[in-house]
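As provided, input-v3.txt (compact mmCIF, C-alpha atoms) reads as follows.
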```txt
# COMPACT_ATOMS: atom_id res chain seq x y z
CA MET A 1 -26.24 -18.16 26.92
CA THR A 2 -29.03 -17.50 24.46
CA VAL A 3 -30.72 -20.56 23.02
CA LYS A 4 -30.47 -20.18 19.27
CA ASN A 5 -33.69 -20.49 17.31
CA GLN A 6 -33.56 -23.22 14.66
CA THR A 7 -34.88 -20.89 11.96
CA TYR A 8 -32.33 -18.23 12.98
CA PRO A 9 -28.97 -20.02 12.70
CA ASN A 10 -26.29 -18.00 14.53
CA GLY A 11 -29.08 -15.60 15.54
CA VAL A 12 -29.33 -14.43 11.91
CA ASN A 13 -32.76 -14.04 10.31
CA VAL A 14 -32.02 -15.89 7.08
CA ASP A 15 -35.53 -15.20 5.74
CA GLN A 16 -34.84 -11.46 6.02
CA LEU A 17 -31.41 -11.98 4.44
CA VAL A 18 -32.97 -13.74 1.44
CA GLU A 19 -35.66 -11.03 1.21
CA THR A 20 -32.92 -8.35 1.24
CA VAL A 21 -31.01 -10.08 -1.55
CA ASN A 22 -34.16 -10.46 -3.64
CA ALA A 23 -35.21 -6.84 -3.05
CA ILE A 24 -31.78 -5.64 -4.22
CA LYS A 25 -31.95 -7.87 -7.31
CA ASP A 26 -35.28 -6.20 -8.14
CA ASN A 27 -34.04 -2.67 -7.33
CA PRO A 28 -30.24 -2.25 -7.21
CA GLU A 29 -30.60 1.27 -5.75
CA LEU A 30 -31.67 -0.29 -2.44
CA ALA A 31 -28.07 -1.51 -1.98
CA LYS A 32 -26.69 2.01 -1.71
CA PHE A 33 -25.83 3.05 1.85
CA LYS A 34 -24.25 6.18 3.29
CA PHE A 35 -22.77 5.88 6.78
CA ARG A 36 -21.87 8.94 8.84
CA ALA A 37 -20.05 10.14 11.92
CA SER A 38 -19.40 13.49 13.60
CA ALA A 39 -16.43 14.03 15.87
CA LYS A 40 -15.35 16.68 18.35
CA TRP A 41 -11.88 17.14 19.75
CA THR A 42 -11.86 17.83 23.47
CA GLU A 43 -8.21 18.16 24.57
CA GLY A 44 -4.87 16.48 23.92
CA GLY A 45 -5.49 13.31 21.91
CA HIS A 46 -9.05 12.80 23.15
CA SER A 47 -12.10 12.89 20.87
CA ARG A 48 -15.76 12.03 21.01
CA THR A 49 -17.41 10.64 17.88
CA THR A 50 -21.18 10.54 17.53
CA ILE A 51 -22.76 7.96 15.23
CA LYS A 52 -26.46 7.89 14.48
CA SER A 53 -27.95 8.71 11.08
CA PHE A 54 -27.41 6.70 7.93
CA TYR A 55 -29.03 6.31 4.54
CA GLY A 56 -29.83 2.89 3.13
CA ALA A 57 -32.47 0.72 1.47
CA GLY A 58 -33.80 3.80 -0.31
CA GLN A 59 -34.35 6.04 2.70
CA GLU A 60 -32.90 7.74 5.77
CA ASP A 61 -32.91 5.30 8.69
CA THR A 62 -35.57 6.05 11.30
CA THR A 63 -35.02 3.09 13.62
CA ARG A 64 -32.12 4.45 15.66
CA THR A 65 -33.62 6.50 18.46
CA SER A 66 -30.34 7.48 20.13
CA ALA A 67 -26.77 8.06 19.06
CA PHE A 68 -23.69 6.01 19.84
CA VAL A 69 -20.83 8.02 21.32
CA VAL A 70 -17.38 6.49 20.86
CA GLU A 71 -14.29 7.97 22.46
CA GLY A 72 -10.74 7.93 21.16
CA ASP A 73 -7.53 8.78 23.01
CA GLU A 74 -3.87 7.78 23.25
CA PRO A 75 -2.04 5.86 25.97
CA SER A 76 0.40 7.79 28.16
CA VAL A 77 3.48 6.75 26.16
CA LEU A 78 1.81 8.46 23.20
CA LEU A 79 1.06 11.60 25.23
CA GLY A 80 -2.58 10.82 25.90
CA THR A 81 -4.78 10.26 28.94
CA ASP A 82 -5.76 6.70 27.95
CA LYS A 83 -9.50 7.23 28.28
CA ALA A 84 -10.19 5.01 25.25
CA PRO A 85 -8.48 2.93 22.54
CA ASN A 86 -6.37 4.85 20.08
CA ALA A 87 -7.23 5.21 16.41
CA VAL A 88 -5.19 2.30 15.05
CA GLU A 89 -6.57 0.03 17.79
CA SER A 90 -10.02 1.12 16.65
CA VAL A 91 -9.12 -0.02 13.13
CA LEU A 92 -8.45 -3.52 14.52
CA GLN A 93 -11.83 -3.41 16.29
CA ALA A 94 -13.56 -2.37 13.07
CA LEU A 95 -11.92 -5.25 11.20
CA ALA A 96 -12.88 -7.77 13.90
CA SER A 97 -16.45 -6.45 14.00
CA CYS A 98 -16.72 -6.73 10.22
CA LEU A 99 -15.34 -10.27 10.02
CA THR A 100 -17.65 -11.35 12.84
CA VAL A 101 -20.65 -10.24 10.81
CA GLY A 102 -19.21 -11.83 7.67
CA PHE A 103 -18.64 -15.20 9.34
CA SER A 104 -21.97 -15.21 11.18
CA TYR A 105 -24.20 -14.12 8.30
CA ASN A 106 -22.53 -16.17 5.58
CA ALA A 107 -22.38 -19.25 7.80
CA ALA A 108 -26.11 -18.85 8.42
CA ALA A 109 -26.75 -18.57 4.68
CA MET A 110 -24.65 -21.74 4.11
CA GLY A 111 -26.52 -23.60 6.88
CA ILE A 112 -23.48 -23.65 9.19
CA SER A 113 -24.17 -23.30 12.90
CA ILE A 114 -21.35 -21.54 14.82
CA ASN A 115 -20.74 -22.42 18.46
CA ARG A 116 -17.71 -20.21 19.03
CA LEU A 117 -15.88 -17.61 16.96
CA GLU A 118 -12.92 -15.55 18.15
CA PHE A 119 -10.23 -13.40 16.59
CA ASP A 120 -6.81 -12.18 17.69
CA LEU A 121 -5.37 -9.23 15.80
CA GLU A 122 -2.01 -7.49 15.82
CA GLY A 123 -0.70 -4.65 13.67
CA ASP A 124 2.71 -3.01 13.30
CA VAL A 125 3.22 0.75 13.33
CA ASP A 126 6.55 2.56 13.10
CA LEU A 127 6.24 6.05 14.63
CA HIS A 128 8.78 7.51 12.19
CA GLY A 129 5.80 8.01 9.86
CA PHE A 130 3.39 9.75 12.26
CA LEU A 131 6.16 11.90 13.74
CA GLY A 132 7.27 13.04 10.29
CA LEU A 133 10.80 11.69 10.89
CA SER A 134 10.98 9.71 7.66
CA ASP A 135 9.33 9.85 4.24
CA LYS A 136 10.21 6.18 3.72
CA VAL A 137 8.17 4.84 6.65
CA ARG A 138 4.41 4.77 6.19
CA PRO A 139 2.38 6.28 9.06
CA GLY A 140 -0.15 3.43 9.12
CA TYR A 141 0.09 -0.31 9.62
CA SER A 142 2.95 -1.94 7.73
CA GLY A 143 1.08 -5.20 8.31
CA VAL A 144 -1.84 -6.70 10.20
CA ARG A 145 -2.06 -10.35 11.32
CA LEU A 146 -5.34 -11.95 12.25
CA THR A 147 -5.95 -15.45 13.55
CA TYR A 148 -9.39 -16.94 13.94
CA ARG A 149 -10.74 -19.79 16.04
CA ILE A 150 -14.04 -21.21 14.92
CA ASP A 151 -16.03 -24.08 16.37
CA CYS A 152 -18.94 -24.98 14.13
CA ASP A 153 -20.86 -27.94 12.72
CA ALA A 154 -19.24 -27.88 9.24
CA PRO A 155 -16.39 -30.01 7.85
CA PRO A 156 -13.00 -28.26 7.34
CA GLU A 157 -13.45 -27.82 3.57
CA LYS A 158 -16.76 -26.02 4.10
CA VAL A 159 -15.14 -23.79 6.74
CA ASP A 160 -12.37 -22.98 4.22
CA GLU A 161 -15.06 -22.05 1.68
CA LEU A 162 -16.71 -19.79 4.29
CA VAL A 163 -13.40 -18.10 5.18
CA ALA A 164 -12.59 -17.50 1.50
CA HIS A 165 -16.03 -15.99 0.86
CA VAL A 166 -15.82 -13.77 3.95
CA GLN A 167 -12.39 -12.49 2.89
CA LYS A 168 -13.72 -11.69 -0.59
CA THR A 169 -16.77 -9.79 0.65
CA SER A 170 -15.73 -8.10 3.92
CA PRO A 171 -16.14 -4.31 3.68
CA VAL A 172 -13.46 -3.43 6.25
CA LEU A 173 -10.98 -6.01 4.96
CA ASP A 174 -11.46 -4.44 1.51
CA ILE A 175 -10.98 -0.96 3.01
CA LEU A 176 -7.66 -2.09 4.52
CA ARG A 177 -6.37 -4.15 1.61
CA ASN A 178 -7.33 -1.73 -1.16
CA PRO A 179 -7.11 2.05 -1.56
CA VAL A 180 -10.11 4.18 -0.57
CA THR A 181 -10.49 7.70 -1.91
CA VAL A 182 -10.83 10.06 1.05
CA THR A 183 -11.56 13.71 0.30
CA ILE A 184 -10.79 16.24 3.01
CA ALA A 185 -12.07 19.79 2.87
CA SER A 186 -12.74 22.73 5.15
CA ALA A 187 -16.45 23.04 5.97
CA MET B 188 -14.21 23.68 30.04
CA THR B 189 -10.65 22.84 31.01
CA VAL B 190 -8.28 25.80 31.29
CA LYS B 191 -5.37 24.95 29.05
CA ASN B 192 -1.92 25.18 30.57
CA GLN B 193 0.35 27.58 28.67
CA THR B 194 3.15 25.02 28.50
CA TYR B 195 0.70 22.36 27.26
CA PRO B 196 -0.88 23.92 24.14
CA ASN B 197 -4.04 21.96 23.21
CA GLY B 198 -3.41 19.87 26.33
CA VAL B 199 -0.37 18.32 24.63
CA ASN B 200 2.87 17.94 26.56
CA VAL B 201 5.19 19.36 23.92
CA ASP B 202 8.26 18.72 26.09
CA GLN B 203 7.41 15.01 26.13
CA LEU B 204 6.76 15.14 22.37
CA VAL B 205 10.22 16.63 21.76
CA GLU B 206 11.78 14.08 24.13
CA THR B 207 10.03 11.26 22.23
CA VAL B 208 11.31 12.53 18.89
CA ASN B 209 14.86 12.85 20.24
CA ALA B 210 14.76 9.40 21.85
CA ILE B 211 13.68 7.88 18.51
CA LYS B 212 16.43 9.74 16.66
CA ASP B 213 18.92 8.17 19.10
CA ASN B 214 17.33 4.72 18.96
CA PRO B 215 15.03 4.08 15.96
CA GLU B 216 13.84 0.77 17.48
CA LEU B 217 11.84 2.77 20.05
CA ALA B 218 9.48 3.80 17.22
CA LYS B 219 8.23 0.26 16.65
CA PHE B 220 4.78 -0.39 18.08
CA LYS B 221 2.50 -3.44 17.97
CA PHE B 222 -1.18 -2.82 18.70
CA ARG B 223 -3.56 -5.67 19.47
CA ALA B 224 -7.20 -6.62 19.87
CA SER B 225 -9.13 -9.78 20.67
CA ALA B 226 -12.73 -10.24 19.58
CA LYS B 227 -15.52 -12.64 20.41
CA TRP B 228 -18.69 -13.16 18.42
CA THR B 229 -21.79 -13.39 20.58
CA GLU B 230 -24.79 -13.81 18.25
CA GLY B 231 -26.07 -12.44 14.96
CA GLY B 232 -23.88 -9.48 13.98
CA HIS B 233 -22.82 -8.62 17.52
CA SER B 234 -19.23 -8.78 18.73
CA ARG B 235 -17.19 -7.70 21.73
CA THR B 236 -13.61 -6.59 21.14
CA THR B 237 -11.15 -6.30 24.01
CA ILE B 238 -8.21 -3.91 23.70
CA LYS B 239 -5.47 -3.71 26.29
CA SER B 240 -1.90 -4.82 25.68
CA PHE B 241 0.50 -3.23 23.22
CA TYR B 242 4.22 -3.13 22.60
CA GLY B 243 6.05 0.14 22.06
CA ALA B 244 9.04 2.27 23.03
CA GLY B 245 11.07 -0.93 23.46
CA GLN B 246 8.79 -2.75 25.88
CA GLU B 247 5.36 -4.17 26.63
CA ASP B 248 3.12 -1.42 27.99
CA THR B 249 2.45 -1.71 31.72
CA THR B 250 0.43 1.47 32.25
CA ARG B 251 -2.99 0.17 31.19
CA THR B 252 -4.55 -1.43 34.22
CA SER B 253 -7.84 -2.41 32.62
CA ALA B 254 -9.04 -3.33 29.15
CA PHE B 255 -11.33 -1.39 26.84
CA VAL B 256 -14.30 -3.38 25.57
CA VAL B 257 -15.80 -2.12 22.32
CA GLU B 258 -18.97 -3.60 20.85
CA GLY B 259 -19.95 -3.92 17.22
CA ASP B 260 -23.35 -4.75 15.75
CA GLU B 261 -25.57 -3.94 12.77
CA PRO B 262 -28.74 -1.83 12.59
CA SER B 263 -32.03 -3.65 12.06
CA VAL B 264 -32.12 -3.03 8.29
CA LEU B 265 -28.83 -4.97 8.17
CA LEU B 266 -30.26 -7.80 10.29
CA GLY B 267 -28.66 -6.73 13.57
CA THR B 268 -29.87 -5.69 16.99
CA ASP B 269 -28.28 -2.22 16.84
CA LYS B 270 -26.44 -2.48 20.16
CA ALA B 271 -23.43 -0.59 18.75
CA PRO B 272 -22.08 1.06 15.58
CA ASN B 273 -21.38 -1.25 12.69
CA ALA B 274 -17.92 -1.98 11.37
CA VAL B 275 -17.80 0.63 8.59
CA GLU B 276 -19.12 3.27 11.00
CA SER B 277 -16.26 2.27 13.32
CA VAL B 278 -13.85 2.94 10.45
CA LEU B 279 -15.14 6.53 10.28
CA GLN B 280 -14.67 6.83 14.07
CA ALA B 281 -11.10 5.54 13.78
CA LEU B 282 -10.35 8.08 11.05
CA ALA B 283 -11.85 10.94 13.06
CA SER B 284 -9.95 9.87 16.19
CA CYS B 285 -6.70 9.73 14.25
CA LEU B 286 -7.11 13.12 12.59
CA THR B 287 -8.03 14.66 15.95
CA VAL B 288 -4.71 13.51 17.38
CA GLY B 289 -2.88 14.64 14.27
CA PHE B 290 -4.37 18.14 14.35
CA SER B 291 -3.96 18.57 18.11
CA TYR B 292 -0.38 17.28 18.43
CA ASN B 293 1.00 18.89 15.29
CA ALA B 294 -0.71 22.20 16.05
CA ALA B 295 0.90 22.11 19.51
CA ALA B 296 4.30 21.43 17.95
CA MET B 297 3.75 24.37 15.56
CA GLY B 298 2.67 26.65 18.42
CA ILE B 299 -0.95 26.79 17.25
CA SER B 300 -3.61 26.90 19.94
CA ILE B 301 -6.89 25.22 18.92
CA ASN B 302 -10.17 26.48 20.37
CA ARG B 303 -12.51 24.16 18.48
CA LEU B 304 -12.03 21.24 16.11
CA GLU B 305 -14.83 19.15 14.60
CA PHE B 306 -15.23 16.68 11.78
CA ASP B 307 -18.16 15.38 9.74
CA LEU B 308 -17.62 12.15 7.84
CA GLU B 309 -19.66 10.23 5.30
CA GLY B 310 -18.82 7.09 3.35
CA ASP B 311 -20.57 5.21 0.53
CA VAL B 312 -21.11 1.47 0.57
CA ASP B 313 -22.94 -0.56 -2.06
CA LEU B 314 -24.23 -3.83 -0.55
CA HIS B 315 -23.78 -5.71 -3.84
CA GLY B 316 -20.21 -6.30 -2.65
CA PHE B 317 -20.89 -7.59 0.86
CA LEU B 318 -23.82 -9.72 -0.31
CA GLY B 319 -21.69 -11.30 -3.05
CA LEU B 320 -24.13 -10.13 -5.74
CA SER B 321 -21.47 -8.54 -7.94
CA ASP B 322 -17.74 -8.98 -8.51
CA LYS B 323 -17.62 -5.46 -9.95
CA VAL B 324 -18.75 -3.66 -6.78
CA ARG B 325 -16.21 -3.42 -3.97
CA PRO B 326 -17.48 -4.46 -0.51
CA GLY B 327 -15.89 -1.47 1.25
CA TYR B 328 -16.23 2.27 0.91
CA SER B 329 -16.23 3.51 -2.67
CA GLY B 330 -15.43 6.90 -1.20
CA VAL B 331 -15.21 8.80 2.08
CA ARG B 332 -15.80 12.54 2.45
CA LEU B 333 -14.57 14.45 5.49
CA THR B 334 -15.07 18.10 6.33
CA TYR B 335 -13.32 19.84 9.19
CA ARG B 336 -14.10 22.98 11.14
CA ILE B 337 -11.21 24.46 13.04
CA ASP B 338 -11.06 27.60 15.16
CA CYS B 339 -7.51 28.42 16.19
CA ASP B 340 -5.08 31.30 16.60
CA ALA B 341 -3.17 30.74 13.32
CA PRO B 342 -3.54 32.51 9.96
CA PRO B 343 -5.16 30.53 7.10
CA GLU B 344 -1.84 29.68 5.40
CA LYS B 345 -0.51 28.14 8.60
CA VAL B 346 -3.72 26.14 9.02
CA ASP B 347 -3.29 24.89 5.44
CA GLU B 348 0.26 23.83 6.30
CA LEU B 349 -1.06 21.99 9.39
CA VAL B 350 -3.80 20.22 7.37
CA ALA B 351 -1.29 19.15 4.71
CA HIS B 352 1.12 17.80 7.33
CA VAL B 353 -1.67 15.92 9.16
CA GLN B 354 -2.84 14.33 5.89
CA LYS B 355 0.71 13.21 5.11
CA THR B 356 1.32 11.66 8.53
CA SER B 357 -2.05 10.30 9.72
CA PRO B 358 -1.84 6.54 10.36
CA VAL B 359 -5.53 5.80 9.73
CA LEU B 360 -5.73 8.05 6.67
CA ASP B 361 -2.74 6.13 5.27
CA ILE B 362 -4.45 2.83 6.14
CA LEU B 363 -7.52 3.92 4.16
CA ARG B 364 -5.77 5.54 1.22
CA ASN B 365 -3.08 2.89 0.72
CA PRO B 366 -3.10 -0.92 0.75
CA VAL B 367 -2.33 -2.73 4.00
CA THR B 368 -1.22 -6.36 3.96
CA VAL B 369 -3.60 -8.34 6.18
CA THR B 370 -2.78 -12.00 6.78
CA ILE B 371 -5.59 -14.24 7.97
CA ALA B 372 -4.96 -17.71 9.34
CA SER B 373 -6.61 -20.33 11.52
CA ALA B 374 -5.18 -20.32 15.07
```
Written as structure tokens, how would this file's structure read?
Amino acid sequence: MTVKNQTYPNGVNVDQLVETVNAIKDNPELAKFKFRASAKWTEGGHSRTTIKSFYGAGQEDTTRTSAFVVEGDEPSVLLGTDKAPNAVESVLQALASCLTVGFSYNAAAMGISINRLEFDLEGDVDLHGFLGLSDKVRPGYSGVRLTYRIDCDAPPEKVDELVAHVQKTSPVLDILRNPVTVTIASA
Amino acid sequence: MTVKNQTYPNGVNVDQLVETVNAIKDNPELAKFKFRASAKWTEGGHSRTTIKSFYGAGQEDTTRTSAFVVEGDEPSVLLGTDKAPNAVESVLQALASCLTVGFSYNAAAMGISINRLEFDLEGDVDLHGFLGLSDKVRPGYSGVRLTYRIDCDAPPEKVDELVAHVQKTSPVLDILRNPVTVTIASA
């Protein structure tokens, strides 16, 4: 267990957070980020996605020295070799990862110290959509349920305020709850 | 390089795919799946998500003997320790993973043999949303661009048909392009 520094509540450098906010207020262009990924199919339902470069804070990032490689696959019942989570499971991971950051950073900014934070997620998919068996059934999640457990040093009403703010500002929650324009073209 | 079995185009067991479709036509309940994830915050922007159990084809899955653990973090410019991709990068991975499966399985069903399939993805985020600096800027992707490169044994018009079908039936593409209801509650 890491001992948390007093000036870094939740392990978050609040000074740097405040500096980031002020820098963006001075120059809104610094807020523009472009994230990227490249993926290769191998066989069956298996893929390897490489994540490294991104643009943000006015420049191409130079701090990442190596790439992350993330695999995707399907379990056997969905004709895969189960080498990795499938794509809709990865969506749940992305949402959990995003809300973790949202809780941790915003709690730090509000002076709330978190001892424990956990999420359970479940989403419903009806294969009629993916298999093209029905136009009336959507291919993606018909619904996602998330429960959180938080142990922190704030009273319940302040935790409610934190949860409301996180829900309003979470990138991945926004991506799920609201339409995103995705353009697909041959290279 | 794996030598692809003639009866398994793209490494996809088309017999099992046809059996799955027929089983669902006989019993639509078999199409209902529930995917799950559990996540724990560690410190700062870092999280560990565990993915194992799911329900589908009328029962709890029993084939996965161990869990997948997927980490999330933020790069240093976003106050993280860069141990893993961040949440919106994971969204791009999920989309790539999903489209890989869609291309591979549907091509197999159409009798198309794929030699090479790759994707490049890029998405735009403006931090004014996440940082709560503007109500007018969405926290999530304002847009995602994907390009694909495919080398296969089908004529261009059949590839176009494949791409159109994949776009119509991709679970993660649907999750991005259309609203998903996400309920969030304290455990």
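Summary of the local environment: counting all atoms listed in the file, residues at most 8 Å from Ile114 of chain A, other than itself and those fewer than 4 positions away along its chain, are Asn10, Ser104, Ala107, Ile150, Asp151, Cys152 and Asp153 of chain A.
With only C-alpha atoms taken into account, the protein and nucleic acid residues at most 8 Å from Glu309 of chain B (excluding it and anything under 2 positions from it in its own chain) are Lys34, Phe35, Arg36 and Ala37 of chain A; Leu279, Asp307, Asp311, Val331, Arg332 and Leu333 of chain B.
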Print the selection's residues with C-alpha atoms to a file, as a compact mmCIF listing (two decimals), in the frame of the given file.
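Result file selection.txt:
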```
# COMPACT_ATOMS: atom_id res chain seq x y z
CA LYS A 34 -24.25 6.18 3.29
CA PHE A 35 -22.77 5.88 6.78
CA ARG A 36 -21.87 8.94 8.84
CA ALA A 37 -20.05 10.14 11.92
CA LEU B 279 -15.14 6.53 10.28
CA ASP B 307 -18.16 15.38 9.74
CA ASP B 311 -20.57 5.21 0.53
CA VAL B 331 -15.21 8.80 2.08
CA ARG B 332 -15.80 12.54 2.45
CA LEU B 333 -14.57 14.45 5.49
```
Provide the atom CA of Gly102 of chain A to atom CA of Thr169 of chain A distance in Å, to one decimal place. 7.7 Å
Between A:Phe103, A:Glu118, A:Asp160, A:Ser113, single out the one closest to chain B, counting all atoms listed in the file. A:Glu118
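Between Asn178 of chain A and the candidates B:Ala274, B:Gly327, B:Pro342, B:Ala351, the tightest atom-to-atom separation, counting all atoms listed in the file, involves B:Gly327.
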Within 8 Å of Tyr292 of chain B using all atoms listed in the file, minus same-chain residues under 5 positions, as a PDB file with C-alpha atoms, in the frame of the given file:
```
ATOM      1  CA  GLY A  44      -4.870  16.480  23.920  1.00  0.00           C
ATOM      2  CA  GLY A  45      -5.490  13.310  21.910  1.00  0.00           C
TER       3      GLY A  45
ATOM      4  CA  ASN B 197      -4.040  21.960  23.210  1.00  0.00           C
ATOM      5  CA  VAL B 199      -0.370  18.320  24.630  1.00  0.00           C
TER       6      VAL B 199
END
```
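Atom CA of Val77 of chain A to atom CA of Leu131 of chain A spans 13.7 Å [interatomic distance, one decimal].
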Around (-24.6, 0.0, 0.5), as given in the file, which residues come within 12 Å? Count only C-alpha atoms and list them as an MDAnalysis selection string. (chainID A and resid 20 24 28:35 54:59 171) or (chainID B and resid 264:265 275 310:318 320 324:330)
Would you list the contacts of Asp260 of chain B as a VMD selection string, taking every protein, DNA or RNA residue within 8 Å and counting all atoms listed in the file, but skipping same-chain residues closer than 2 positions in sequence? (chain A and resid 97 101) or (chain B and resid 232 to 234 258 262 267 to 274)
Counting all atoms listed in the file, the residue among B:Val205, B:Ala281, B:Val256, B:Val346 that lies closest to chain A is B:Ala281
In Å, rounded to a single decimal, give me how far atom CA of Thr287 of chain B is from atom CA of Asn200 of chain B. 15.6 Å
